[in-house]
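Worksheet: the structure to be examined is printed underneath.
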Amino acid sequence: CTGTTESAENVWGEKIPYLVSVKSSGDTLSPQYSSTNTFTKSQFISIMKDLGVSINSKTNLAEIIGKPKTTKAGTVLTIKINSKELTGSDIRTTFSLRSSAFKITATENEVIFKVSGYGHGVGMSQYGADYMARQGSTYDEILKHYYKGVNLEK
């Protein structure tokens, strides 16, 4: 995660009462917390074709990449590229990013994705849970932190 888990509704489009966004402090300690994916301009244009976006090679990419709409956890919900609205999930999958929580910048010759977290971000974070355990939290405290409103039974 990005230090905050994601609501199921933002990722899967379905509200699930116990899968809501919560703080997850240990996430930033993961050695895979951040990553960078860089694509040449021609690679970016070619990959965008897979998403149905046609871009002229003379186009200034910085001018056609819009500001993404994000959640409080940093997940990109939507972003406009060359007037086509795409989901963060579409971008994540097509460009093989670790998560949909990314910032995108374009220079004259390349496009750079700075990615936070690894995975969809919904539910219990492995690094967050490990961090809580190392701080003395019990398993039931950890589960109730990540899965709001649940009852644990034997």
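Identifiers in this document derive from the order of the structure tokens: chains are assigned A, B, ..., residues are numbered from 1 separately in each chain, and ligands are numbered from 1 in order of occurrence.
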
Q: Skip A:Thr2 itself and residues of its chain fewer than 6 positions away, then list as a ChimeraX atom specification all residues within 7 Å of it, counting only C-alpha atoms.
A: /A:27-28,73,116-117

Store the residues picked out above, limited to C-alpha atoms, as a PDB file, in the first residue's frame.
```pdb
ATOM      1  CA  ASP A  27       4.070   0.111   4.148  1.00  0.00           C
ATOM      2  CA  THR A  28       6.745   2.688   3.444  1.00  0.00           C
ATOM      3  CA  ALA A  73      -4.570   6.745  -0.705  1.00  0.00           C
ATOM      4  CA  SER A 116       4.054   3.820  -4.813  1.00  0.00           C
ATOM      5  CA  GLY A 117       3.076   0.515  -3.258  1.00  0.00           C
TER       6      GLY A 117
END
```

Q: Tell me, as an NGL selection string, which residues lie within 10 Å of A:Ile91, counting only C-alpha atoms; anything in the same chain fewer than 6 positions away does not count.
A: :A and (47-48 or 51 or 76 or 78-79 or 97 or 99-100 or 102)

Q: Return the single residue from A:Leu86, A:Leu77, A:Val111, A:Ile64 that is closest to A:Glu6, with distances computed using only C-alpha atoms.
A: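 Smallest distance to A:Glu6 is found for A:Leu77.
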
Q | d(atom CA of A:Glu85, atom CA of A:Phe39) in Å | A |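 So the two atoms, atom CA of A:Glu85 and atom CA of A:Phe39, lie 20.2 Å apart.
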
Q: Kindly indicate which residue among A:Gly13, A:Val20, A:Ser89, A:Thr71 lies nearest to A:Tyr147, using only C-alpha atoms for the distances.
A: A:Val20

Q. Which residues, written as number ranges by chain, have at least one atom at most 10 Å from A:Gly3, with only C-alpha atoms counted and residues fewer than 2 positions away on the same chain left out?
A. A: 1, 5-6, 22-29, 33, 73-74, 116-117, 121, 125, 127-128

Q) Interatomic distance between atom CA of A:Val53 and atom CA of A:Gly88? A) 14.8 Å

Q | Using only C-alpha atoms: which of A:Lys15, A:Thr94, A:Asn10, A:Lys80 has the shortest distance to A:Ser46 | A |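 The closest residue to A:Ser46 is A:Thr94.
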
Quick one: contact table of stretch 2-38 of chain A to stretch 149-152 of chain A, 12 Å max, nearest atom pair and distance in Å to one decimal per residue, counting only C-alpha atoms, chain and number order, as a Markdown table?
```
| residue | atom | partner | partner_atom | distance |
| --- | --- | --- | --- | --- |
| A:Ile16 | CA | A:Gly149 | CA | 11.1 |
| A:Pro17 | CA | A:Gly149 | CA | 7.8 |
| A:Tyr18 | CA | A:Gly149 | CA | 6.0 |
| A:Leu19 | CA | A:Gly149 | CA | 9.4 |
| A:Val20 | CA | A:Gly149 | CA | 10.1 |
```

Keeping only C-alpha atoms, write those residues as a CSV table (one decimal), in the first residue's frame.
```csv
chain,number,residue,atom,x,y,z
A,16,ILE,CA,-17.7,-3.8,0.8
A,17,PRO,CA,-18.3,-2.5,4.3
A,18,TYR,CA,-15.2,-4.1,5.9
A,19,LEU,CA,-12.8,-3.2,3.1
A,20,VAL,CA,-12.4,0.6,3.7
```
